[in-house]
>>> print(open('run_11.cif').read())   # mmCIF, C-alpha atoms
data_work
#
loop_
_atom_site.label_atom_id
_atom_site.label_comp_id
_atom_site.auth_asym_id
_atom_site.auth_seq_id
_atom_site.Cartn_x
_atom_site.Cartn_y
_atom_site.Cartn_z
CA MET A 71 0.00 0.00 0.00
CA PHE A 72 2.93 2.24 0.77
CA LEU A 73 4.20 1.64 -2.77
CA LEU A 74 0.76 2.48 -4.19
CA VAL A 75 0.89 5.89 -2.47
CA PHE A 76 4.38 6.42 -3.89
CA VAL A 77 3.17 5.68 -7.44
CA ALA A 78 0.37 8.27 -7.08
CA LEU A 79 2.81 10.89 -5.76
CA HIS A 80 5.31 10.13 -8.51
CA LEU A 81 2.59 10.52 -11.14
CA ALA A 82 1.34 13.82 -9.70
CA LEU A 83 4.86 15.31 -9.77
CA ASN A 84 5.60 14.02 -13.27
CA LEU A 85 2.39 15.49 -14.64
CA ALA A 86 3.76 18.89 -13.62
CA ALA A 87 6.10 18.55 -16.62
CA VAL A 88 3.10 18.50 -18.93
CA VAL A 89 1.66 21.64 -17.29
CA SER A 90 4.81 23.80 -17.48
CA ALA A 91 8.60 23.56 -17.39
CA ASP A 92 8.86 25.90 -14.41
CA LEU A 93 6.29 23.98 -12.37
CA TYR A 94 8.19 20.75 -13.03
CA ARG A 95 11.50 22.34 -12.04
CA GLN A 96 9.87 23.65 -8.84
CA ALA A 97 8.49 20.18 -8.12
CA CYS A 98 11.94 18.63 -8.61
CA GLU A 99 13.50 21.31 -6.42
CA PHE A 100 10.93 20.58 -3.71
CA MET A 101 11.63 16.85 -3.88
CA ASP A 102 15.36 17.53 -3.78
CA THR A 103 15.31 19.78 -0.72
CA ASN A 104 12.30 18.79 1.41
CA ILE A 105 13.43 17.11 4.64
CA LEU A 106 10.46 14.73 4.79
CA VAL A 107 11.21 13.53 1.26
CA LYS A 108 14.86 13.03 2.21
CA ILE A 109 13.76 10.84 5.11
CA MET A 110 11.25 8.92 3.01
CA VAL A 111 13.64 8.10 0.13
CA PRO A 112 15.57 5.40 2.03
CA VAL A 113 12.29 4.15 3.53
CA LEU A 114 10.91 3.85 0.00
CA ALA A 115 14.03 2.05 -1.21
CA LEU A 116 13.74 -0.34 1.73
CA GLY A 117 10.05 -0.83 0.95
CA PHE A 118 10.90 -1.80 -2.63
CA ILE A 119 13.65 -4.18 -1.54
CA VAL A 120 11.41 -5.87 1.04
CA HIS A 121 8.62 -6.13 -1.56
CA ILE A 122 10.97 -7.74 -4.11
CA LEU A 123 12.66 -10.11 -1.64
CA PHE A 124 9.35 -11.21 -0.12
CA SER A 125 7.93 -11.79 -3.62
CA ILE A 126 10.90 -14.00 -4.52
CA PHE A 127 10.49 -15.94 -1.25
CA VAL A 128 6.74 -16.46 -1.77
CA GLU A 129 7.18 -17.38 -5.45
CA PHE A 130 9.78 -20.01 -4.53
CA LYS A 131 7.44 -21.40 -1.86
CA ASN A 132 4.63 -21.53 -4.42
CA TRP A 133 6.80 -23.42 -6.92
CA THR A 134 7.45 -26.05 -4.27
CA GLY A 135 3.71 -26.16 -3.40
CA ARG A 136 3.09 -27.76 -6.78
CA PRO A 137 6.43 -28.71 -8.36
CA ALA A 138 6.85 -29.03 -12.14
CA GLU A 139 6.58 -32.83 -12.05
CA MET A 140 3.16 -32.52 -10.40
CA ARG A 141 1.56 -30.31 -13.02
CA TYR A 142 -1.77 -31.40 -14.49
CA ALA A 143 -1.92 -32.92 -17.97
CA VAL A 144 -4.96 -30.74 -18.70
CA PRO A 145 -4.24 -27.11 -17.74
CA CYS A 146 -6.58 -25.46 -15.25
CA LYS A 147 -9.83 -24.36 -16.89
CA THR A 148 -11.11 -22.27 -13.99
CA LYS A 149 -12.01 -19.00 -15.65
CA VAL A 150 -12.37 -16.52 -12.79
CA SER A 151 -8.67 -15.84 -12.19
CA SER A 152 -7.43 -12.70 -13.90
CA TRP A 153 -4.39 -12.97 -16.15
CA ALA A 154 -2.57 -10.48 -13.89
CA SER A 155 -3.23 -12.54 -10.74
CA LYS A 156 -1.59 -15.59 -12.32
CA ASN A 157 1.42 -13.67 -13.62
CA MET A 158 2.30 -11.24 -10.84
CA PHE A 159 5.87 -12.47 -10.50
CA VAL A 160 6.59 -12.20 -14.24
CA LEU A 161 5.00 -8.74 -14.28
CA GLY A 162 7.10 -7.78 -11.27
CA VAL A 163 10.29 -8.90 -13.04
CA ILE A 164 9.34 -6.79 -16.09
CA VAL A 165 8.65 -3.77 -13.84
CA VAL A 166 12.03 -4.14 -12.10
CA LEU A 167 13.95 -4.56 -15.38
CA PHE A 168 12.41 -1.39 -16.82
CA LEU A 169 13.04 0.33 -13.50
CA VAL A 170 16.77 -0.15 -14.11
CA LEU A 171 16.38 1.56 -17.49
CA HIS A 172 14.38 4.34 -15.84
CA PHE A 173 17.15 4.87 -13.28
CA THR A 174 19.76 5.25 -16.02
CA HIS A 175 17.57 7.83 -17.76
CA PHE A 176 16.62 9.99 -14.78
CA TRP A 177 17.79 8.96 -11.30
CA MET A 178 21.49 8.81 -12.29
CA HIS A 179 21.33 12.34 -13.73
CA MET A 180 19.18 13.88 -11.01
CA GLN A 181 19.00 12.38 -7.50
CA LEU A 182 22.36 10.60 -7.67
CA GLN A 183 24.16 13.78 -8.77
CA SER A 184 22.48 15.68 -5.95
CA PHE A 185 23.49 12.96 -3.49
CA LEU A 186 27.10 13.20 -4.73
CA GLY A 187 26.97 17.00 -4.26
CA LYS A 188 27.25 17.66 -7.97
CA GLU A 189 25.16 19.84 -10.22
CA GLY A 190 22.48 17.66 -11.88
CA THR A 191 21.10 18.04 -15.40
CA ASP A 192 18.14 20.36 -15.87
CA PRO A 193 15.21 18.00 -15.08
CA TYR A 194 12.85 19.42 -17.68
CA GLN A 195 15.47 19.19 -20.43
CA LEU A 196 16.18 15.61 -19.36
CA VAL A 197 12.51 14.72 -19.83
CA VAL A 198 12.40 16.45 -23.23
CA ASN A 199 15.58 14.71 -24.43
CA THR A 200 14.56 11.26 -23.14
CA PHE A 201 11.12 11.29 -24.67
CA SER A 202 12.26 12.70 -27.99
CA ASN A 203 13.23 9.13 -28.89
CA PRO A 204 10.16 7.16 -30.09
CA VAL A 205 11.75 3.79 -29.19
CA ILE A 206 12.23 4.89 -25.57
CA CYS A 207 8.64 6.17 -25.52
CA VAL A 208 7.33 2.77 -26.68
CA LEU A 209 9.49 0.99 -24.07
CA TYR A 210 8.09 3.25 -21.34
CA ILE A 211 4.50 2.59 -22.46
CA VAL A 212 5.17 -1.19 -22.32
CA TRP A 213 6.51 -0.62 -18.80
CA PHE A 214 3.40 1.32 -17.83
CA ALA A 215 1.24 -1.51 -19.20
CA ALA A 216 3.12 -3.99 -16.97
CA ILE A 217 2.58 -1.62 -14.02
CA TYR A 218 -1.12 -1.41 -14.93
CA PHE A 219 -1.55 -5.20 -14.76
CA HIS A 220 0.59 -5.45 -11.61
CA ILE A 221 -1.45 -2.80 -9.82
CA SER A 222 -4.86 -3.97 -11.12
CA HIS A 223 -4.35 -7.13 -9.06
CA GLY A 224 -1.88 -5.88 -6.45
CA PHE A 225 -4.13 -3.04 -5.23
CA TRP A 226 -7.04 -5.17 -3.97
CA SER A 227 -4.76 -8.10 -3.19
CA ALA A 228 -2.84 -5.89 -0.72
CA PHE A 229 -6.06 -5.16 1.18
CA GLN A 230 -7.03 -8.84 1.12
CA SER A 231 -3.60 -9.91 2.39
CA ILE A 232 -3.78 -7.70 5.46
CA GLY A 233 -7.35 -8.69 6.16
CA LEU A 234 -9.03 -5.41 5.19
CA ASN A 235 -11.62 -7.05 3.00
CA ASN A 236 -14.96 -8.84 3.14
CA SER A 237 -17.71 -9.96 0.75
CA LYS A 238 -19.13 -6.43 0.47
CA TRP A 239 -15.81 -4.69 -0.09
CA LEU A 240 -14.29 -7.24 -2.48
CA PRO A 241 -16.09 -5.96 -5.63
CA ARG A 242 -15.57 -2.35 -4.50
CA LEU A 243 -11.84 -2.85 -3.99
CA GLN A 244 -11.55 -4.67 -7.32
CA PHE A 245 -13.29 -1.75 -9.03
CA LEU A 246 -11.03 0.75 -7.27
CA ALA A 247 -8.00 -1.34 -8.26
CA LYS A 248 -8.98 -1.21 -11.94
CA LEU A 249 -9.74 2.53 -11.71
CA TYR A 250 -6.45 3.32 -9.96
CA ALA A 251 -4.48 1.17 -12.42
CA ILE A 252 -6.14 2.85 -15.43
CA CYS A 253 -5.42 6.34 -13.98
CA VAL A 254 -1.79 5.38 -13.37
CA PHE A 255 -1.42 3.94 -16.88
CA LEU A 256 -3.09 6.87 -18.67
CA GLY A 257 -1.36 9.47 -16.48
CA PHE A 258 2.14 8.10 -17.02
CA THR A 259 1.54 7.34 -20.72
CA LEU A 260 0.47 10.94 -21.29
CA ILE A 261 3.99 12.17 -20.48
CA PRO A 262 6.06 10.39 -23.21
CA VAL A 263 3.21 10.81 -25.70
CA TYR A 264 2.99 14.54 -24.93
CA PHE A 265 6.72 15.17 -25.32
CA LEU A 266 6.96 13.02 -28.44
CA CYS A 267 4.03 14.89 -29.99
CA CYS A 268 5.63 18.22 -29.00
CA LYS A 269 8.80 17.18 -30.78
CA CYS A 270 6.86 16.16 -33.88
CA CYS A 271 5.03 19.50 -33.86
CA CYS A 272 8.32 21.39 -33.43
CA CYS A 273 9.86 19.41 -36.33
CA ALA A 274 6.83 20.05 -38.48
CA GLY A 275 7.08 23.76 -37.63
CA SER A 276 10.75 23.96 -38.55
CA CYS A 277 10.09 22.07 -41.78
CA MET B 285 -23.42 -42.35 -24.08
CA LYS B 286 -19.93 -43.39 -25.03
CA PHE B 287 -16.75 -41.94 -23.55
CA THR B 288 -13.01 -42.33 -23.94
CA LEU B 289 -11.46 -42.10 -20.47
CA LYS B 290 -7.83 -41.10 -19.98
CA ILE B 291 -7.16 -42.08 -16.38
CA TRP B 292 -4.03 -41.62 -14.26
CA ARG B 293 -2.82 -45.05 -13.11
CA GLN B 294 -0.16 -45.35 -10.42
CA LYS B 295 0.52 -48.61 -8.62
CA ASN B 296 1.59 -47.05 -5.33
CA ALA B 297 3.09 -43.89 -3.83
CA LYS B 298 6.61 -44.71 -5.03
CA ALA B 299 5.75 -46.04 -8.50
CA LYS B 300 5.86 -43.84 -11.58
CA GLY B 301 2.37 -43.10 -12.86
CA ARG B 302 1.03 -42.89 -16.41
CA PHE B 303 -2.22 -42.30 -18.26
CA GLU B 304 -4.19 -45.28 -19.54
CA THR B 305 -7.06 -45.05 -21.98
CA TYR B 306 -10.36 -46.92 -21.58
CA GLN B 307 -13.64 -46.98 -23.48
CA VAL B 308 -17.04 -47.04 -21.77
CA GLU B 309 -20.30 -47.48 -23.67
CA GLY B 310 -24.03 -47.55 -22.98
CA ILE B 311 -23.81 -44.99 -20.17
CA SER B 312 -27.08 -43.26 -19.28
CA PRO B 313 -26.85 -39.43 -19.21
CA ASP B 314 -28.30 -39.60 -15.69
CA THR B 315 -25.49 -41.83 -14.44
CA SER B 316 -23.35 -40.10 -11.87
CA PHE B 317 -19.66 -39.71 -12.69
CA LEU B 318 -18.63 -42.13 -9.95
CA GLU B 319 -21.22 -44.68 -11.10
CA MET B 320 -19.68 -44.44 -14.56
CA LEU B 321 -16.29 -45.27 -12.97
CA ASP B 322 -17.99 -48.15 -11.12
CA ILE B 323 -19.21 -49.49 -14.49
CA LEU B 324 -15.67 -49.17 -15.86
CA ASN B 325 -14.26 -51.00 -12.82
CA GLU B 326 -16.78 -53.85 -13.16
CA LYS B 327 -15.67 -54.21 -16.78
CA LEU B 328 -11.99 -54.19 -15.75
CA VAL B 329 -12.62 -56.83 -13.06
CA ARG B 330 -14.46 -59.03 -15.58
CA GLU B 331 -11.44 -58.71 -17.87
CA GLY B 332 -9.14 -59.69 -15.01
CA LYS B 333 -7.55 -56.26 -14.82
CA GLU B 334 -6.84 -54.03 -11.81
CA PRO B 335 -9.79 -51.68 -11.15
CA VAL B 336 -9.17 -47.92 -10.90
CA ALA B 337 -8.74 -46.77 -7.29
CA PHE B 338 -10.63 -43.57 -6.43
CA ASP B 339 -11.89 -42.04 -3.19
CA HIS B 340 -15.62 -41.95 -2.44
CA ASP B 341 -17.91 -42.41 0.52
CA CYS B 342 -21.31 -40.75 1.04
CA ARG B 343 -21.94 -39.90 -2.64
CA GLU B 344 -24.23 -37.12 -1.41
CA GLY B 345 -21.77 -34.22 -1.59
CA ILE B 346 -21.29 -34.10 2.17
CA CYS B 347 -18.29 -36.17 3.20
CA GLY B 348 -15.63 -34.55 0.98
CA MET B 349 -14.02 -37.85 0.03
CA CYS B 350 -14.36 -37.71 -3.77
CA SER B 351 -11.44 -35.88 -5.27
CA LEU B 352 -11.09 -36.06 -9.03
CA TYR B 353 -9.61 -33.48 -11.35
CA VAL B 354 -11.76 -33.88 -14.46
CA ASN B 355 -10.87 -32.19 -17.74
CA GLY B 356 -8.90 -29.41 -16.05
CA ARG B 357 -11.31 -28.68 -13.21
CA ALA B 358 -11.53 -29.95 -9.64
CA HIS B 359 -14.77 -31.94 -9.36
CA GLY B 360 -15.37 -31.58 -13.09
CA PRO B 361 -17.24 -29.17 -15.35
CA ASP B 362 -20.27 -28.48 -13.11
CA ASP B 363 -20.30 -25.62 -10.59
CA ASP B 364 -20.83 -25.95 -6.82
CA VAL B 365 -20.89 -29.76 -6.79
CA THR B 366 -18.56 -32.53 -5.74
CA THR B 367 -17.54 -35.25 -8.22
CA CYS B 368 -20.15 -37.61 -6.78
CA GLN B 369 -22.88 -35.14 -7.74
CA LEU B 370 -21.53 -34.67 -11.25
CA HIS B 371 -23.57 -36.45 -13.91
CA CYS B 372 -22.66 -37.75 -17.34
CA ARG B 373 -25.16 -35.37 -18.95
CA LYS B 374 -22.62 -32.60 -18.32
CA PHE B 375 -20.49 -34.20 -21.07
CA HIS B 376 -21.11 -34.76 -24.77
CA ASP B 377 -21.48 -38.21 -26.28
CA GLY B 378 -18.11 -39.34 -27.58
CA ASP B 379 -16.12 -36.97 -25.33
CA THR B 380 -12.61 -37.80 -24.20
CA ILE B 381 -12.48 -37.24 -20.42
CA THR B 382 -9.13 -36.86 -18.67
CA ILE B 383 -9.22 -37.84 -15.00
CA GLU B 384 -6.29 -36.92 -12.74
CA PRO B 385 -5.71 -37.05 -8.98
CA TRP B 386 -5.39 -33.84 -6.91
CA ARG B 387 -1.89 -32.47 -7.53
CA SER B 388 -0.05 -30.87 -4.63
CA ALA B 389 3.24 -31.46 -2.84
CA ALA B 390 1.23 -31.88 0.38
CA PHE B 391 -1.20 -34.42 -1.19
CA PRO B 392 0.98 -37.32 -2.40
CA VAL B 393 -0.69 -39.92 -4.61
CA ILE B 394 -1.30 -43.22 -2.78
CA LYS B 395 -2.70 -45.16 -5.71
CA ASP B 396 -4.24 -44.19 -9.07
CA LEU B 397 -6.63 -41.31 -8.25
CA VAL B 398 -6.38 -41.58 -4.46
CA VAL B 399 -4.28 -38.96 -2.66
CA ASN B 400 -3.28 -38.69 0.97
CA ARG B 401 -5.12 -35.71 2.44
CA GLY B 402 -3.84 -36.40 5.93
CA ALA B 403 -2.20 -32.97 5.84
CA PHE B 404 -5.66 -31.46 6.39
CA ASP B 405 -6.09 -33.59 9.51
CA GLN B 406 -2.74 -32.36 10.82
CA ILE B 407 -3.80 -28.73 10.25
CA LEU B 408 -7.02 -29.37 12.18
CA GLN B 409 -5.12 -31.06 14.98
CA ALA B 410 -2.96 -27.93 15.24
CA GLY B 411 -5.90 -25.72 16.20
CA GLY B 412 -9.18 -26.43 14.46
CA PHE B 413 -11.07 -27.13 17.67
CA ILE B 414 -12.51 -25.54 20.80
CA ASN B 415 -10.93 -26.58 24.06
CA ILE B 416 -13.22 -25.36 26.83
CA GLY B 417 -12.72 -27.03 30.19
CA GLY B 418 -15.08 -27.15 33.20
CA ILE B 419 -18.83 -26.63 32.87
CA VAL B 420 -19.66 -25.96 29.23
CA PRO B 421 -22.50 -23.42 28.89
CA ASP B 422 -25.44 -24.44 26.77
CA ALA B 423 -24.87 -23.14 23.22
CA ASN B 424 -28.42 -21.80 23.00
CA ALA B 425 -27.87 -19.75 26.17
CA ILE B 426 -25.23 -17.59 24.44
CA PRO B 427 -26.70 -14.82 22.30
CA ILE B 428 -25.17 -14.78 18.80
CA SER B 429 -26.27 -12.36 16.09
CA LYS B 430 -27.88 -13.85 12.98
CA VAL B 431 -25.21 -12.24 10.77
CA ASP B 432 -22.37 -13.84 12.73
CA ALA B 433 -24.11 -17.20 12.92
CA ASP B 434 -24.73 -17.16 9.16
CA GLU B 435 -21.11 -16.25 8.38
CA SER B 436 -19.89 -18.96 10.69
CA MET B 437 -22.17 -21.51 9.05
CA ASP B 438 -21.07 -20.42 5.55
CA ALA B 439 -17.47 -21.13 6.54
CA ALA B 440 -18.42 -24.36 8.29
CA ALA B 441 -19.91 -25.61 5.01
CA CYS B 442 -16.35 -26.56 3.99
CA ILE B 443 -16.21 -30.36 3.65
CA GLY B 444 -12.41 -30.53 3.49
CA CYS B 445 -12.34 -32.16 0.05
CA GLY B 446 -9.17 -30.29 -1.01
CA ALA B 447 -10.54 -28.87 -4.28
CA CYS B 448 -9.10 -25.48 -3.22
CA VAL B 449 -5.59 -26.97 -2.99
CA ALA B 450 -6.07 -28.92 -6.23
CA THR B 451 -7.18 -25.81 -8.12
CA CYS B 452 -4.79 -23.22 -6.68
CA LYS B 453 -1.77 -22.76 -8.95
CA ASN B 454 0.35 -22.64 -5.80
CA GLY B 455 -1.25 -25.66 -4.14
CA SER B 456 -2.29 -23.40 -1.26
CA ALA B 457 -4.61 -24.57 1.52
CA MET B 458 -5.60 -21.05 2.56
CA LEU B 459 -9.32 -21.45 1.81
CA PHE B 460 -9.54 -24.63 3.89
CA VAL B 461 -7.65 -23.10 6.83
CA ALA B 462 -9.61 -19.85 6.49
CA ALA B 463 -12.94 -21.72 6.56
CA ARG B 464 -11.95 -23.48 9.80
CA VAL B 465 -10.56 -20.35 11.46
CA SER B 466 -13.47 -18.19 10.29
CA SER B 467 -16.25 -20.57 11.36
CA LEU B 468 -14.86 -20.59 14.91
CA ALA B 469 -13.79 -16.93 15.03
CA LYS B 470 -17.35 -15.74 14.41
CA LEU B 471 -18.70 -17.58 17.45
CA PRO B 472 -18.13 -16.60 21.11
CA GLN B 473 -16.98 -20.12 21.96
CA GLY B 474 -14.29 -19.92 19.29
CA ARG B 475 -13.03 -16.44 20.19
CA VAL B 476 -11.32 -17.68 23.35
CA GLU B 477 -8.57 -19.42 21.40
CA ALA B 478 -8.82 -17.41 18.14
CA ALA B 479 -5.31 -15.93 18.25
CA ARG B 480 -3.55 -19.18 19.10
CA ARG B 481 -5.65 -21.08 16.53
CA ALA B 482 -4.82 -18.75 13.62
CA LYS B 483 -1.08 -18.87 14.34
CA ALA B 484 -0.95 -22.62 14.93
CA MET B 485 -2.96 -23.59 11.85
CA VAL B 486 -1.04 -21.25 9.53
CA ALA B 487 2.28 -22.50 10.91
CA LYS B 488 1.23 -26.13 10.36
CA MET B 489 0.01 -25.34 6.83
CA ASP B 490 3.41 -23.79 5.99
CA GLU B 491 5.27 -26.68 7.59
CA LEU B 492 3.38 -29.26 5.50
CA GLY B 493 4.52 -27.73 2.21
CA PHE B 494 1.39 -26.01 0.93
CA GLY B 495 2.00 -22.94 -1.25
CA ALA B 496 1.05 -19.37 -0.30
CA CYS B 497 -2.09 -17.53 -1.35
CA SER B 498 -1.73 -15.12 -4.28
CA ASN B 499 -5.44 -14.19 -4.38
CA THR B 500 -6.25 -15.62 -7.81
CA GLN B 501 -9.75 -16.58 -6.54
CA ALA B 502 -9.57 -19.97 -8.28
CA CYS B 503 -10.18 -21.80 -4.96
CA GLU B 504 -13.44 -19.95 -4.37
CA ALA B 505 -14.64 -20.72 -7.92
CA GLU B 506 -14.03 -24.46 -7.60
CA CYS B 507 -15.11 -24.92 -3.98
CA PRO B 508 -18.15 -27.24 -4.16
CA LYS B 509 -19.61 -25.46 -1.14
CA GLY B 510 -18.97 -21.92 -2.40
CA VAL B 511 -16.75 -20.89 0.53
CA SER B 512 -15.79 -17.25 -0.12
CA ILE B 513 -12.28 -15.79 -0.11
CA ALA B 514 -13.69 -13.23 2.33
CA HIS B 515 -12.88 -15.91 4.92
CA ILE B 516 -9.23 -15.75 3.80
CA ALA B 517 -9.30 -12.01 4.57
CA ARG B 518 -10.62 -12.87 8.04
CA LEU B 519 -7.86 -15.45 8.53
CA ASN B 520 -5.26 -12.86 7.50
CA ARG B 521 -6.81 -10.38 9.95
CA GLU B 522 -6.87 -12.90 12.79
CA PHE B 523 -3.30 -13.96 12.04
CA LEU B 524 -1.90 -10.41 11.89
CA LEU B 525 -3.74 -9.36 15.08
CA ALA B 526 -2.38 -12.46 16.84
CA LYS B 527 1.15 -11.63 15.70
CA VAL B 528 0.79 -8.01 16.86
CA GLN B 529 -0.44 -9.23 20.26
CA ASP B 530 2.78 -11.25 20.55
#
>>> encode(input="run_11.cif", output="structure tokens")
Amino acid sequence: MFLLVFVALHLALNLAAVVSADLYRQACEFMDTNILVKIMVPVLALGFIVHILFSIFVEFKNWTGRPAEMRYAVPCKTKVSSWASKNMFVLGVIVVLFLVLHFTHFWMHMQLQSFLGKEGTDPYQLVVNTFSNPVICVLYIVWFAAIYFHISHGFWSAFQSIGLNNSKWLPRLQFLAKLYAICVFLGFTLIPVYFLCCKCCCCAGSC
Amino acid sequence: MKFTLKIWRQKNAKAKGRFETYQVEGISPDTSFLEMLDILNEKLVREGKEPVAFDHDCREGICGMCSLYVNGRAHGPDDDVTTCQLHCRKFHDGDTITIEPWRSAAFPVIKDLVVNRGAFDQILQAGGFINIGGIVPDANAIPISKVDADESMDAAACIGCGACVATCKNGSAMLFVAARVSSLAKLPQGRVEAARRAKAMVAKMDELGFGACSNTQACEAECPKGVSIAHIARLNREFLLAKVQD
């Protein structure tokens, strides 16, 4: 749930780049200097690490629950399970792999430089440059799709796993999960699409 | 009706199993699935062959003994029924039907389609009971709200057949454990030991090699008694509260 809040905050700050360059720079400046954010960054990193390690542990346990030699000859035909719910680990691996790419694009040029006491690249220019490449934009949208599926199950599943669920709230939480995942996907996708379109418009103008 | 049956045959727990194919003919659509297997077994006995071993007892959907994985679904293609209540009319004439035993690391095959579900007994022995000493008050003397009594009864409908474990991609027994914990947790008599029960039963489940719950909802869909995953949420709640109290 902590990670879900982080995703919403990340999206809100990123959308500032679509509104105006100055607003985005102010948002980055705030994130770079605010004491609460400074405290929460290692907590967030720890949250991610715990989430990943626990997922690996649970996945390994689940593999041993029904080992490969015990698989059914006829695959399960129960239709209620969502595709995301059956592939959370694979989706998680995809999310983490793209996260590495994301770090090389932004984190290494912004937060890491700040941490090392060096002058970072202008954040707005970094966004413009990164999303001027259509291939990178497509890769990011694939990443956002993986995040969509991961969250569409993970959101309500998190509530279920800590016991905050019942028969009445199950359909409500599943609806909220879908809604939240769609907002996250559309919100994040807007950013590369917006900057790519801007570049195309600029090119068309210069031509 | 005429069927081609692909049935898992395994001599004993240590032997390597394989599928064998049989033909059955002249089956009435109203024949129950287990009766159809009885007809096959009579034919095999007449031919001097080893009959197919499969679990069954009451044949009324109550005891939870029947445990067949039929064409990719626990208890076959019908909803909310055990295999003994499945009828041949749910299939098409000439169908090939694949019959497998429950598959889980915690449910080893004993012979053919019979698996050892003793792991469920061990989980129950770990905490699925009420242990009130002294003078036991009359149950009817304790006021219990209708909502709580209904929820408890819904959970108590679990017959312990193991379809949840057989269906879950992780071989998890969470729905079974949740049904036991939930049915007792909703009653005043069961509240006394609720914390210890949740911890002990979950620990035993983990120890016996069942997988973890990843909330795919497959268990709920294949449960012949329609036990809801809302009971798993209650188990998680009871377990976390018990751990916090520690």
>>> closest_residue(input="run_11.cif", among="B:Val431, B:Leu471, B:Ala410, B:Ala358", to="chain A", atoms="only C-alpha atoms")
B:Ala358
>>> closest_residue(input="run_11.cif", among="B:Arg293, B:Lys298, B:His359, B:Lys374", to="B:Ala337", atoms="only C-alpha atoms")
B:Arg293
>>> closest_atom_pairs(input="run_11.cif", of="stretch 368-447 of chain B", to="stretch 139-155 of chain A", cutoff="9 Å", atoms="all atoms listed in the file", output="JSON lines")
{"residue": "B:Thr382", "atom": "CA", "partner": "A:Val144", "partner_atom": "CA", "distance": 7.4}
{"residue": "B:Glu384", "atom": "CA", "partner": "A:Tyr142", "partner_atom": "CA", "distance": 7.3}
{"residue": "B:Pro385", "atom": "CA", "partner": "A:Tyr142", "partner_atom": "CA", "distance": 8.8}
{"residue": "B:Trp386", "atom": "CA", "partner": "A:Tyr142", "partner_atom": "CA", "distance": 8.7}
{"residue": "B:Arg387", "atom": "CA", "partner": "A:Met140", "partner_atom": "CA", "distance": 5.8}
{"residue": "B:Ser388", "atom": "CA", "partner": "A:Met140", "partner_atom": "CA", "distance": 6.8}
{"residue": "B:Ala389", "atom": "CA", "partner": "A:Met140", "partner_atom": "CA", "distance": 7.6}
>>> closest_atom_pairs(input="run_11.cif", of="chain B", to="chain A", cutoff="6 Å", atoms="only C-alpha atoms", output="JSON lines")
{"residue": "B:Gly356", "atom": "CA", "partner": "A:Cys146", "partner_atom": "CA", "distance": 4.7}
{"residue": "B:Arg357", "atom": "CA", "partner": "A:Lys147", "partner_atom": "CA", "distance": 5.9}
{"residue": "B:Arg387", "atom": "CA", "partner": "A:Met140", "partner_atom": "CA", "distance": 5.8}
{"residue": "B:Ser388", "atom": "CA", "partner": "A:Arg136", "partner_atom": "CA", "distance": 4.9}
{"residue": "B:Ala389", "atom": "CA", "partner": "A:Gly135", "partner_atom": "CA", "distance": 5.4}
{"residue": "B:Asn454", "atom": "CA", "partner": "A:Asn132", "partner_atom": "CA", "distance": 4.6}
{"residue": "B:Gly455", "atom": "CA", "partner": "A:Gly135", "partner_atom": "CA", "distance": 5.0}
{"residue": "B:Gly493", "atom": "CA", "partner": "A:Gly135", "partner_atom": "CA", "distance": 5.9}
{"residue": "B:Phe494", "atom": "CA", "partner": "A:Gly135", "partner_atom": "CA", "distance": 4.9}
{"residue": "B:Gly495", "atom": "CA", "partner": "A:Gly135", "partner_atom": "CA", "distance": 4.2}
{"residue": "B:Ala496", "atom": "CA", "partner": "A:Asn132", "partner_atom": "CA", "distance": 5.9}
{"residue": "B:Thr500", "atom": "CA", "partner": "A:Ser151", "partner_atom": "CA", "distance": 5.0}
{"residue": "B:Gln501", "atom": "CA", "partner": "A:Ser151", "partner_atom": "CA", "distance": 5.8}
{"residue": "B:Ala502", "atom": "CA", "partner": "A:Ser151", "partner_atom": "CA", "distance": 5.8}
{"residue": "B:Ala514", "atom": "CA", "partner": "A:Asn236", "partner_atom": "CA", "distance": 4.6}
{"residue": "B:Ala517", "atom": "CA", "partner": "A:Gly233", "partner_atom": "CA", "distance": 4.2}
{"residue": "B:Arg518", "atom": "CA", "partner": "A:Gly233", "partner_atom": "CA", "distance": 5.6}
{"residue": "B:Asn520", "atom": "CA", "partner": "A:Gly233", "partner_atom": "CA", "distance": 4.9}
{"residue": "B:Arg521", "atom": "CA", "partner": "A:Gly233", "partner_atom": "CA", "distance": 4.2}
>>> atom_distance(input="run_11.cif", atom1="atom CA of A:Leu93", atom2="atom CA of A:Pro193")
11.1 Å
>>> residues_around(input="run_11.cif", residues="stretch 309-323 of chain B", least_positions_apart="4", cutoff="6 Å", atoms="only C-alpha atoms", output="list in words")
Met285, Lys286, Cys368, Leu370, His371, Cys372 and Arg373 of chain B
>>> closest_residue(input="run_11.cif", among="A:Thr103, A:Ser125, A:Gln195, A:Thr200", to="A:His172", atoms="all atoms listed in the file")
A:Thr200
>>> atom_distance(input="run_11.cif", atom1="atom CA of B:Asp396", atom2="atom CA of B:Asp490")
26.5 Å
